[in-house]
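The structure under discussion appears below in the form of structure tokens.
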Number of protein chains: 2
Amino acid sequence: MAVKEYYTPTHVYFGEGAADMAGKVLKENGATKVLIHYGGGSVVRSGLLDKVKASLDAEGLSHVELGGVVPNPRVSLVREGVELYKKEGCDYILAVGGGSVLDSAKAIGYGVYGGGDVWDFYCGKRKIEGIEPVGSVLTLSATGSEMSNSSVITNDDDPDMIYKLGIKIDYGRIKFALLDPMLTATVPAYQTACGSTDIMMHTFERYFHQGYALDITDELSYALIRSVIKWTPVALETPDDYDARANLMWAGSISHNGLMEAGNANPGDWGCHQMEHEISAEYDVAHGAGLAAIWGSWARYVLPEGPERFSALGEAVFGESDPVKTIEKFEEFFHSIGMPTDIKGLGLNFDEAACRKVALGTTFNDGRTIGNFKVLGTEDVFNIMMMASGLK
Amino acid sequence: MAVKEYYTPTHVYFGEGAADMAGKVLKENGATKVLIHYGGGSVVRSGLLDKVKASLDAEGLSHVELGGVVPNPRVSLVREGVELYKKEGCDYILAVGGGSVLDSAKAIGYGVYGGGDVWDFYCGKRKIEGIEPVGSVLTLSATGSEMSNSSVITNDDDPDMIYKLGIKIDYGRIKFALLDPMLTATVPAYQTACGSTDIMMHTFERYFHQGYALDITDELSYALIRSVIKWTPVALETPDDYDARANLMWAGSISHNGLMEAGNANPGDWGCHQMEHEISAEYDVAHGAGLAAIWGSWARYVLPEGPERFSALGEAVFGESDPVKTIEKFEEFFHSIGMPTDIKGLGLNFDEAACRKVALGTTFNDGRTIGNFKVLGTEDVFNIMMMASGLK
């Protein structure tokens with residue numbers, strides 16, 4: 001086996017009341033002036049933002065704010081954050097929100113550290129060589145960005161040319177994450193379900209790969225998937241159930257921090273993520289719903305490359321070793337939590353031209369392939385989109 | 001739930017050939033002169049030490065050596081290491097070996113950083129406020145010290161007063177760990193089995209606690225225990241089986257890095273470890289064997305405090321929900337891999353006085369209690385020792 005890295009330096013504080021520690025932890029980390037970055041009004045309305053600011057005030061830390069992060073966070077706001085951070089002489093970024101806020105905060109950190117236009121780093125023009133320190137108060141169990149090395153940003157410079165690009169680099173592993181499961185108790189059902197789907201998919205993407213798989217990593221993956229299947233319905237039924245929220249929150253973090261690929265020959269497939277990024281950049285659908293909408297079609301398309309991988313998963317999760325039935329069981333689960341399992345379920349009507357457009361966008365006009373369980377070119381992505389659209 | 005921390009900053013490089021990266025990784029970490037710390041002759045005989053030195057030479061890093069670490073590592077050698085490190089102007093410690101070498105290396109790191117007599121830190125006279133940087137080439141899957149925050153050192157100043165004391169503090173989380181499973185392929189069967197027992201026990205100690213348990217953490221714990229039970233016999237049968245060695249090595253690391261207690265209300269019982277440390281400080285038995293020898297007696301003694309915890313474990317691991325039968329099944333497993341399940345099996349014959357002595361030693365002459373699943377005083381430890389010695 002080739003040597004693979006596992007690196008999860010983020011200091012996690014997990015449990016009810018973790019957000020109250022923001023000031024204390026920031027101070028311990030040497031912060032003096034903090035850029036508080038957040039999204040829409042919910043952290044304001046819930047009083048969380050005030051609570052966090054009070055916690056910083058109590059430690060004598062000054063702070064400035066930048067709200068307005070949207071799902072599929074925009075480079076325009078990142079640029080604004082970079083300027084504000086520099087102008088105000090900040091030395092720490094605190095992301096208060098979900099994955100989009102975190103990704104935007106990381107991008108600000110790259111932009112300040114590296115200078116110049118931050119988009120250069122996302123489109124590959126320049127190499128990232130550092131980041132300003134980032135911490136987080138997490139309010140959504142989904143992207144795992146609080147422990148992952150990734151950040152995905154959408155370029156909105158030109159409405160006719162939407163790019164959504166992601167970077168994975170260890171500088172993106174933030175300094176600390178304050179994880180209070182009860183902060184997710186007010187997340188609406190649809191977003192909760194989208195988050196759970198994203199969590200499952202982060203494990204699926206790693207699980208489905210060709211080459212050596214470490215058995216214990218497979219077993220941990222099965223355990224994680226079973227947990228998401230067990231606790232998501234509880235969270236939907238009883239939104240303020242601590243158990244449900246805590247299990248989903250921790251599942252989200254360890255699904256995407258590298259644990260679910262440790263010891264494996266390679267880091268996974270990631271084809272569904274690449275396709276979904278293209279769809280959600282274009283149509284602004286929720287990431288989790290987009291993943292649920294295409295996963296089944298992807299799975300049926302790639303199944304011949306390794307049915308035994310589906311069988312083992314099905315057996316461990318559902319006691320069902322038939323690979324096709326395993327795919328169906330997962331689709332049933334997605335339905336049961338209100339997720340779509342095709343493009344129509346996203347409220348979109350793809351015709352052949354739309355499928356072709358997504359396919360070409362995904363492969364950068366035939367400029368790259370995606371996937372690893374099965375390597376997919378433009379024609380493959382087109383076929384999967386046609387299947388997901390009920391056209392094939 | 002109170003807020004709990006999860007912090008695993010150690011940069012892991014996992015896979016065949018990881019040891020060859022020693023020089024490169026040390027250089028990336030800023031090392032210029034390295035104290036290479038190791039144990040007995042096996043790393044010399046196997047050629048590993050030469051390989052590691054060649055890897056340092058290739059990067060232009062100078063180095064000095066200190067071998068001679070024994071199981072239950074001694075403070076006398078630690079003191080020697082502290083002096084050597086200072087005299088030679090080293091700036092990094094590389095532990096090449098198993099848990100004892102790692103623990104000794106951490107102690108040297110504390111001693112150099114803190115000055116004065118290093119034992120002060122272990123007996124609680126002074127607080128640790130930093131450590132010299134430590135990296136590791138691991139040769140044994142057992143203690144998990146490569147990702148844990150702990151270091152256990154034995155004081156050999158006075159042969160009549162043996163103290164074996166452990167420190168748990170985040171400074172003890174080393175900078176990097178090079179984990180090549182094939183380096184453990186030559187570990188003899190008995191040591192392999194001792195290691196697997198230690199790995200299981202690190203999860204047991206965390207699993208058995210009173211208070212809130214995060215469901216997904218329980219599930220990961222079950223998966224880990226099943227893996228150890230699955231792969232230990234394979235490693236004994238086919239010592240150079242990569243799968244077996246890789247699964248055990250990773251199980252060892254994640255069993256003791258905090259993952260198996262994440263989200264739980266408290267960090268676990270640790271009673272068996274406290275008792276075993278007393279036994280092995282006094283009689284120099286192998287740690288894993290010592291744990292196996294007392295676990296069953298401990299389990300029967302504490303069972304009334306939470307039989308449902310044993311039932312859930314038994315169900316998940318053996319499909320056996322009877323708590324007493326669950327304990328028996330684990331004892332059968334220990335037997336099957338050549339581990340003892342009582343004190344006699346350690347080659348020791350405890351009489352009542354010996355049991356009393358261990359009990360008093362464990363509780364520092366009634367100066368503390370141990371355990372959390374059931375809090376144990378001197379009389380409790382005495383009873384458990386009597387049971388483990390076949391006297392009760």
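Naming works like this for the structure tokens: A, B, ... for the chains as they're shown, residue 1 at the start of each chain, ligands 1 onward in shown order.
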For B:Glu132, list every protein, DNA or RNA residue within 8 Å, evaluated using only C-alpha atoms, and leave out those in the same chain fewer than 4 positions away; present the list as a PyMOL selection string. chain B and resi 91-93+109-110+112-113
Could those selected residues go to a file with N, CA and C atoms, as an mmCIF file, in the first residue's frame?
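And here's again_20.cif as it stands now:
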```cif
data_model
loop_
_atom_site.group_PDB
_atom_site.id
_atom_site.type_symbol
_atom_site.label_atom_id
_atom_site.label_comp_id
_atom_site.auth_asym_id
_atom_site.auth_seq_id
_atom_site.Cartn_x
_atom_site.Cartn_y
_atom_site.Cartn_z
ATOM 1 N N ASP B 91 16.977 19.192 18.539
ATOM 2 C CA ASP B 91 15.730 19.957 18.484
ATOM 3 C C ASP B 91 14.529 19.100 18.098
ATOM 4 N N TYR B 92 14.688 17.794 18.091
ATOM 5 C CA TYR B 92 13.577 16.881 17.804
ATOM 6 C C TYR B 92 13.903 15.516 18.398
ATOM 7 N N ILE B 93 12.866 14.821 18.842
ATOM 8 C CA ILE B 93 13.040 13.446 19.327
ATOM 9 C C ILE B 93 12.279 12.523 18.381
ATOM 10 N N GLY B 109 10.945 14.748 26.281
ATOM 11 C CA GLY B 109 10.448 16.034 25.787
ATOM 12 C C GLY B 109 9.960 16.945 26.899
ATOM 13 N N TYR B 110 9.246 16.378 27.859
ATOM 14 C CA TYR B 110 8.784 17.168 29.011
ATOM 15 C C TYR B 110 9.977 17.642 29.843
ATOM 16 N N VAL B 112 13.197 18.091 29.045
ATOM 17 C CA VAL B 112 14.019 19.149 28.446
ATOM 18 C C VAL B 112 13.277 20.481 28.513
ATOM 19 N N TYR B 113 12.005 20.444 28.106
ATOM 20 C CA TYR B 113 11.240 21.697 28.038
ATOM 21 C C TYR B 113 11.086 22.328 29.418
#
```
Take chain A, superimpose it onto chain B by least squares using every C-alpha atom paired in sequence order, and output the result as a compact mmCIF listing (two decimals) with C-alpha atoms, in the first residue's frame.
```txt
# COMPACT_ATOMS: atom_id res chain seq x y z
CA MET A 1 -24.15 17.34 28.26
CA ALA A 2 -21.05 19.07 29.43
CA VAL A 3 -18.69 20.19 26.72
CA LYS A 4 -15.93 17.66 25.99
CA GLU A 5 -12.82 18.07 23.89
CA TYR A 6 -11.64 15.97 20.99
CA TYR A 7 -8.15 16.81 19.82
CA THR A 8 -5.99 14.59 17.64
CA PRO A 9 -3.41 16.82 15.98
CA THR A 10 -0.87 14.07 15.27
CA HIS A 11 -0.08 13.93 11.56
CA VAL A 12 -0.31 10.26 10.57
CA TYR A 13 1.44 8.68 7.59
CA PHE A 14 -0.02 5.19 7.17
CA GLY A 15 1.08 2.39 4.88
CA GLU A 16 3.98 0.27 3.71
CA GLY A 17 7.17 2.28 3.51
CA ALA A 18 6.11 5.00 5.95
CA ALA A 19 9.37 4.63 7.90
CA ASP A 20 11.35 5.71 4.85
CA MET A 21 9.72 9.11 5.15
CA ALA A 22 11.32 9.84 8.53
CA GLY A 23 13.96 12.22 7.19
CA LYS A 24 11.59 14.03 4.87
CA VAL A 25 8.89 14.54 7.48
CA LEU A 26 11.38 15.60 10.16
CA LYS A 27 12.84 18.16 7.77
CA GLU A 28 9.38 19.50 6.90
CA ASN A 29 8.82 19.85 10.63
CA GLY A 30 11.93 21.98 11.03
CA ALA A 31 14.21 19.44 12.70
CA THR A 32 17.95 19.87 12.32
CA LYS A 33 19.42 17.53 14.95
CA VAL A 34 17.45 14.52 16.07
CA LEU A 35 17.66 12.33 19.16
CA ILE A 36 16.72 8.84 17.96
CA HIS A 37 15.28 6.94 20.89
CA TYR A 38 14.70 3.20 20.84
CA GLY A 39 14.51 0.08 22.94
CA GLY A 40 16.19 -3.26 22.65
CA GLY A 41 18.08 -4.88 19.84
CA SER A 42 15.19 -5.72 17.55
CA VAL A 43 15.17 -2.39 15.71
CA VAL A 44 18.93 -2.79 15.30
CA ARG A 45 18.79 -6.43 14.17
CA SER A 46 15.91 -5.82 11.76
CA GLY A 47 17.87 -3.06 10.08
CA LEU A 48 15.13 -0.53 10.84
CA LEU A 49 17.42 1.75 12.81
CA ASP A 50 19.92 1.88 9.95
CA LYS A 51 17.12 2.55 7.51
CA VAL A 52 15.82 5.44 9.60
CA LYS A 53 19.31 6.89 10.01
CA ALA A 54 19.87 6.65 6.26
CA SER A 55 16.62 8.49 5.71
CA LEU A 56 17.80 11.29 8.03
CA ASP A 57 21.23 11.38 6.41
CA ALA A 58 19.61 11.72 3.01
CA GLU A 59 17.97 14.94 4.19
CA GLY A 60 21.15 16.23 5.79
CA LEU A 61 19.82 15.88 9.34
CA SER A 62 22.32 15.05 12.05
CA HIS A 63 21.36 12.69 14.84
CA VAL A 64 22.39 11.03 18.05
CA GLU A 65 21.04 7.82 19.53
CA LEU A 66 19.76 6.58 22.83
CA GLY A 67 18.65 2.96 23.01
CA GLY A 68 17.82 0.79 25.97
CA VAL A 69 14.19 1.58 26.69
CA VAL A 70 12.59 -1.36 28.48
CA PRO A 71 8.91 -2.29 28.86
CA ASN A 72 7.59 -0.12 31.69
CA PRO A 73 10.15 2.53 30.76
CA ARG A 74 12.37 3.88 33.52
CA VAL A 75 12.84 7.43 34.63
CA SER A 76 16.59 6.82 34.93
CA LEU A 77 16.91 6.43 31.15
CA VAL A 78 14.60 9.41 30.62
CA ARG A 79 16.98 11.55 32.69
CA GLU A 80 19.87 10.29 30.58
CA GLY A 81 17.94 11.27 27.46
CA VAL A 82 17.25 14.75 28.77
CA GLU A 83 20.95 15.33 29.40
CA LEU A 84 21.99 13.91 26.03
CA TYR A 85 19.42 16.01 24.16
CA LYS A 86 20.64 19.19 25.84
CA LYS A 87 24.33 18.38 25.55
CA GLU A 88 24.04 17.57 21.85
CA GLY A 89 21.81 20.54 21.05
CA CYS A 90 19.01 18.42 19.58
CA ASP A 91 15.74 19.97 18.48
CA TYR A 92 13.59 16.89 17.79
CA ILE A 93 13.04 13.45 19.30
CA LEU A 94 12.25 10.50 17.07
CA ALA A 95 10.88 7.46 18.89
CA VAL A 96 11.57 4.26 16.96
CA GLY A 97 9.70 1.46 18.68
CA GLY A 98 6.50 0.70 20.55
CA GLY A 99 4.59 2.40 23.31
CA SER A 100 7.36 2.24 25.89
CA VAL A 101 9.77 4.05 23.59
CA LEU A 102 7.10 6.61 22.78
CA ASP A 103 6.29 7.21 26.43
CA SER A 104 9.96 7.55 27.24
CA ALA A 105 10.43 9.99 24.32
CA LYS A 106 7.53 12.12 25.55
CA ALA A 107 9.07 12.15 29.01
CA ILE A 108 12.38 13.33 27.59
CA GLY A 109 10.45 16.05 25.76
CA TYR A 110 8.81 17.18 29.00
CA GLY A 111 12.09 17.03 30.87
CA VAL A 112 14.03 19.17 28.41
CA TYR A 113 11.26 21.71 28.01
CA GLY A 114 10.47 22.04 31.68
CA GLY A 115 13.97 21.75 33.17
CA GLY A 116 14.68 20.38 36.64
CA ASP A 117 13.95 16.76 37.49
CA VAL A 118 11.51 15.22 35.02
CA TRP A 119 9.93 13.00 37.69
CA ASP A 120 8.42 16.15 39.21
CA PHE A 121 5.96 16.18 36.30
CA TYR A 122 4.93 12.56 36.77
CA CYS A 123 4.43 12.72 40.52
CA GLY A 124 2.47 15.94 40.20
CA LYS A 125 4.96 18.30 41.83
CA ARG A 126 5.13 20.58 38.80
CA LYS A 127 2.78 21.30 35.88
CA ILE A 128 3.77 20.50 32.31
CA GLU A 129 3.75 23.62 30.19
CA GLY A 130 5.25 22.35 26.98
CA ILE A 131 7.25 19.65 25.29
CA GLU A 132 10.07 19.36 22.79
CA PRO A 133 8.76 18.06 19.46
CA VAL A 134 8.39 14.28 19.18
CA GLY A 135 7.78 12.10 16.13
CA SER A 136 7.52 8.33 15.88
CA VAL A 137 8.24 5.28 13.77
CA LEU A 138 5.91 2.73 15.33
CA THR A 139 6.86 -0.93 15.55
CA LEU A 140 4.10 -2.32 17.75
CA SER A 141 0.30 -2.09 17.67
CA ALA A 142 -0.72 -1.79 21.27
CA THR A 143 -0.57 1.24 23.49
CA GLY A 144 -1.91 3.83 21.09
CA SER A 145 0.63 6.27 22.50
CA GLU A 146 1.32 7.43 18.92
CA MET A 147 -1.98 9.36 18.93
CA SER A 148 -2.83 9.56 22.61
CA ASN A 149 -2.08 12.26 25.15
CA SER A 150 -0.60 9.86 27.66
CA SER A 151 2.82 8.80 28.85
CA VAL A 152 3.50 6.28 31.61
CA ILE A 153 6.87 6.15 33.32
CA THR A 154 8.23 3.93 36.08
CA ASN A 155 10.44 5.31 38.81
CA ASP A 156 13.31 2.95 39.53
CA ASP A 157 15.23 5.16 41.97
CA ASP A 158 14.55 2.86 44.89
CA PRO A 159 13.99 -0.86 44.21
CA ASP A 160 11.78 -1.10 47.28
CA MET A 161 9.45 1.67 46.16
CA ILE A 162 8.42 1.19 42.55
CA TYR A 163 6.06 3.84 41.20
CA LYS A 164 4.50 3.67 37.75
CA LEU A 165 2.73 6.90 37.01
CA GLY A 166 0.97 8.23 33.95
CA ILE A 167 0.26 11.71 32.69
CA LYS A 168 -2.49 12.64 30.28
CA ILE A 169 -2.08 16.09 28.76
CA ASP A 170 -2.43 17.34 25.19
CA TYR A 171 1.23 18.31 25.01
CA GLY A 172 1.77 14.55 24.87
CA ARG A 173 0.13 14.30 21.44
CA ILE A 174 3.14 13.92 19.19
CA LYS A 175 3.74 15.86 15.98
CA PHE A 176 3.74 12.94 13.57
CA ALA A 177 3.50 9.17 13.49
CA LEU A 178 4.86 6.98 10.71
CA LEU A 179 2.72 3.86 10.75
CA ASP A 180 3.95 1.03 8.57
CA PRO A 181 1.94 -2.09 9.42
CA MET A 182 4.65 -4.36 8.02
CA LEU A 183 7.07 -3.21 10.72
CA THR A 184 4.90 -5.21 13.12
CA ALA A 185 5.09 -8.38 11.02
CA THR A 186 8.02 -9.67 13.08
CA VAL A 187 6.39 -9.03 16.46
CA PRO A 188 6.22 -12.42 18.26
CA ALA A 189 2.83 -14.02 18.84
CA TYR A 190 2.69 -13.33 22.58
CA GLN A 191 3.46 -9.61 22.13
CA THR A 192 0.98 -9.41 19.26
CA ALA A 193 -1.71 -10.87 21.50
CA CYS A 194 -0.74 -8.56 24.37
CA GLY A 195 -1.01 -5.63 21.98
CA SER A 196 -4.44 -6.65 20.77
CA THR A 197 -5.62 -7.02 24.35
CA ASP A 198 -4.36 -3.54 25.17
CA ILE A 199 -6.19 -2.16 22.13
CA MET A 200 -9.44 -3.82 23.16
CA MET A 201 -9.00 -2.60 26.70
CA HIS A 202 -8.49 1.01 25.60
CA THR A 203 -11.94 0.81 24.06
CA PHE A 204 -13.44 -1.13 27.00
CA GLU A 205 -12.12 1.42 29.49
CA ARG A 206 -13.91 4.17 27.60
CA TYR A 207 -17.04 2.16 26.86
CA PHE A 208 -17.66 1.26 30.48
CA HIS A 209 -18.64 4.48 32.19
CA GLN A 210 -21.70 5.89 33.86
CA GLY A 211 -23.53 8.75 32.28
CA TYR A 212 -24.47 9.72 28.76
CA ALA A 213 -22.99 7.66 25.92
CA LEU A 214 -23.16 8.90 22.35
CA ASP A 215 -24.74 6.14 20.29
CA ILE A 216 -22.45 6.50 17.26
CA THR A 217 -19.41 6.30 19.55
CA ASP A 218 -20.76 3.02 20.96
CA GLU A 219 -21.23 1.74 17.42
CA LEU A 220 -17.70 2.70 16.41
CA SER A 221 -16.45 0.96 19.56
CA TYR A 222 -18.27 -2.25 18.66
CA ALA A 223 -16.83 -2.09 15.15
CA LEU A 224 -13.33 -1.68 16.55
CA ILE A 225 -13.70 -4.58 18.99
CA ARG A 226 -15.03 -6.82 16.23
CA SER A 227 -12.04 -5.91 14.08
CA VAL A 228 -9.55 -6.81 16.79
CA ILE A 229 -11.32 -10.14 17.33
CA LYS A 230 -11.33 -10.79 13.60
CA TRP A 231 -7.76 -9.83 12.77
CA THR A 232 -5.71 -10.91 15.81
CA PRO A 233 -6.00 -14.63 15.01
CA VAL A 234 -5.00 -13.88 11.41
CA ALA A 235 -1.91 -12.03 12.60
CA LEU A 236 -1.01 -14.94 14.87
CA GLU A 237 -1.52 -17.46 12.09
CA THR A 238 0.13 -15.44 9.31
CA PRO A 239 2.42 -12.87 10.93
CA ASP A 240 3.18 -11.02 7.71
CA ASP A 241 -0.42 -10.63 6.57
CA TYR A 242 -0.73 -6.95 5.62
CA ASP A 243 -4.49 -6.84 6.22
CA ALA A 244 -4.18 -8.19 9.74
CA ARG A 245 -1.28 -5.95 10.69
CA ALA A 246 -2.87 -2.85 9.13
CA ASN A 247 -6.23 -3.33 10.81
CA LEU A 248 -4.63 -3.93 14.20
CA MET A 249 -2.31 -0.96 13.81
CA TRP A 250 -5.08 1.46 12.95
CA ALA A 251 -7.32 -0.03 15.64
CA GLY A 252 -4.53 0.66 18.12
CA SER A 253 -4.27 4.30 17.14
CA ILE A 254 -7.98 5.14 17.10
CA SER A 255 -8.70 3.09 20.20
CA HIS A 256 -6.69 5.53 22.28
CA ASN A 257 -6.86 8.88 20.49
CA GLY A 258 -10.20 9.94 21.98
CA LEU A 259 -12.51 8.80 19.18
CA MET A 260 -13.98 6.01 21.29
CA GLU A 261 -15.17 8.44 23.94
CA ALA A 262 -16.25 11.34 21.71
CA GLY A 263 -19.47 12.92 22.86
CA ASN A 264 -19.66 10.80 26.01
CA ALA A 265 -20.35 12.40 29.35
CA ASN A 266 -17.03 11.30 30.77
CA PRO A 267 -13.77 9.73 29.70
CA GLY A 268 -14.36 6.22 30.98
CA ASP A 269 -13.54 3.83 33.77
CA TRP A 270 -9.79 3.11 33.64
CA GLY A 271 -9.94 0.96 36.78
CA CYS A 272 -8.36 -2.08 35.09
CA HIS A 273 -5.51 0.08 33.84
CA GLN A 274 -4.87 1.47 37.29
CA MET A 275 -4.81 -2.00 38.84
CA GLU A 276 -2.66 -3.42 36.08
CA HIS A 277 -0.17 -0.55 36.33
CA GLU A 278 0.30 -1.47 39.96
CA ILE A 279 0.79 -5.14 39.15
CA SER A 280 3.19 -4.58 36.28
CA ALA A 281 5.22 -1.98 38.17
CA GLU A 282 5.69 -4.53 40.94
CA TYR A 283 6.09 -7.71 38.91
CA ASP A 284 7.10 -6.45 35.47
CA VAL A 285 4.48 -8.49 33.59
CA ALA A 286 3.44 -7.53 30.06
CA HIS A 287 0.78 -4.83 30.24
CA GLY A 288 -1.67 -6.55 27.85
CA ALA A 289 -1.40 -9.89 29.64
CA GLY A 290 -1.91 -8.17 32.97
CA LEU A 291 -5.08 -6.54 31.68
CA ALA A 292 -6.44 -9.82 30.32
CA ALA A 293 -5.67 -11.50 33.65
CA ILE A 294 -7.86 -9.15 35.68
CA TRP A 295 -10.55 -7.94 33.25
CA GLY A 296 -12.96 -10.85 33.78
CA SER A 297 -12.81 -10.50 37.56
CA TRP A 298 -13.30 -6.76 37.30
CA ALA A 299 -16.23 -7.29 34.93
CA ARG A 300 -18.02 -9.76 37.23
CA TYR A 301 -17.43 -7.50 40.22
CA VAL A 302 -18.84 -4.36 38.57
CA LEU A 303 -21.55 -6.05 36.51
CA PRO A 304 -24.47 -5.06 38.81
CA GLU A 305 -23.69 -1.39 38.10
CA GLY A 306 -24.86 -1.70 34.51
CA PRO A 307 -25.58 -5.14 33.06
CA GLU A 308 -27.24 -3.50 30.06
CA ARG A 309 -23.90 -2.09 28.97
CA PHE A 310 -22.45 -5.61 28.89
CA SER A 311 -25.53 -6.90 27.08
CA ALA A 312 -25.31 -4.29 24.35
CA LEU A 313 -21.63 -5.00 23.85
CA GLY A 314 -22.16 -8.75 23.79
CA GLU A 315 -25.01 -8.44 21.32
CA ALA A 316 -22.99 -6.23 18.97
CA VAL A 317 -19.81 -8.30 19.13
CA PHE A 318 -20.96 -11.90 19.64
CA GLY A 319 -24.73 -11.82 19.07
CA GLU A 320 -24.92 -12.75 22.74
CA SER A 321 -26.99 -10.53 24.98
CA ASP A 322 -26.52 -12.33 28.29
CA PRO A 323 -24.07 -10.19 30.25
CA VAL A 324 -22.34 -13.03 32.11
CA LYS A 325 -21.98 -15.06 28.93
CA THR A 326 -20.58 -11.94 27.26
CA ILE A 327 -17.81 -11.80 29.84
CA GLU A 328 -17.15 -15.49 29.28
CA LYS A 329 -16.98 -14.99 25.52
CA PHE A 330 -14.32 -12.32 25.93
CA GLU A 331 -12.36 -14.61 28.25
CA GLU A 332 -12.63 -17.37 25.65
CA PHE A 333 -11.24 -14.95 23.10
CA PHE A 334 -8.34 -14.03 25.38
CA HIS A 335 -7.58 -17.74 25.87
CA SER A 336 -7.78 -18.37 22.15
CA ILE A 337 -5.00 -15.84 21.49
CA GLY A 338 -2.84 -17.15 24.33
CA MET A 339 -3.70 -14.57 26.97
CA PRO A 340 -4.25 -15.41 30.64
CA THR A 341 -7.56 -14.72 32.34
CA ASP A 342 -6.31 -14.90 35.91
CA ILE A 343 -3.26 -14.01 37.97
CA LYS A 344 -1.95 -17.58 37.86
CA GLY A 345 -1.88 -17.30 34.08
CA LEU A 346 0.68 -14.53 34.54
CA GLY A 347 2.96 -17.03 36.24
CA LEU A 348 2.27 -15.42 39.63
CA ASN A 349 0.85 -16.92 42.78
CA PHE A 350 -0.94 -14.26 44.78
CA ASP A 351 -1.86 -15.01 48.37
CA GLU A 352 -4.13 -12.78 50.42
CA ALA A 353 -1.21 -10.59 51.45
CA ALA A 354 -0.17 -10.04 47.84
CA CYS A 355 -3.75 -9.09 46.92
CA ARG A 356 -3.82 -6.65 49.82
CA LYS A 357 -0.51 -5.16 48.75
CA VAL A 358 -1.66 -4.58 45.18
CA ALA A 359 -4.91 -3.09 46.47
CA LEU A 360 -3.13 -0.63 48.75
CA GLY A 361 -0.63 0.22 46.05
CA THR A 362 -3.41 0.88 43.56
CA THR A 363 -5.23 3.28 45.86
CA PHE A 364 -2.02 4.90 47.10
CA ASN A 365 -2.73 3.51 50.60
CA ASP A 366 -6.37 4.59 50.61
CA GLY A 367 -5.39 7.96 49.17
CA ARG A 368 -7.60 7.71 46.09
CA THR A 369 -10.37 5.71 44.49
CA ILE A 370 -10.23 4.36 40.95
CA GLY A 371 -12.84 3.65 38.31
CA ASN A 372 -16.02 5.30 37.22
CA PHE A 373 -18.35 2.54 35.99
CA LYS A 374 -18.05 1.52 39.61
CA VAL A 375 -15.91 3.62 41.93
CA LEU A 376 -13.45 1.26 43.60
CA GLY A 377 -11.71 1.68 46.95
CA THR A 378 -9.00 -0.47 48.48
CA GLU A 379 -11.47 -3.14 49.62
CA ASP A 380 -12.97 -3.39 46.14
CA VAL A 381 -9.58 -3.77 44.49
CA PHE A 382 -8.67 -6.36 47.12
CA ASN A 383 -11.83 -8.33 46.28
CA ILE A 384 -11.11 -8.19 42.55
CA MET A 385 -7.52 -9.35 43.14
CA MET A 386 -8.79 -12.22 45.29
CA MET A 387 -11.21 -13.22 42.52
CA ALA A 388 -8.48 -12.98 39.89
CA SER A 389 -6.24 -15.10 42.10
CA GLY A 390 -8.83 -17.85 42.56
CA LEU A 391 -9.08 -17.09 46.29
CA LYS A 392 -12.68 -15.88 46.28
```
Determine which residues of stretch 148-369 of chain A DSSP labels as helix (DSSP H, G or I) from the backbone of this structure, then write them out as number ranges by chain. A: 170-172, 181-184, 189-207, 215-237, 242-255, 259-261, 271-283, 287-305, 307-318, 323-336, 344-346, 352-362
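The residues of stretch 10-82 of chain A that DSSP classifies as strand (DSSP E or B), using the backbone of this structure, are Thr10, His11, Val12, Tyr13, Phe14, Lys33, Val34, Leu35, Ile36, His37, Tyr38, Ser62, His63, Val64, Glu65, Leu66 and Arg74 of chain A.
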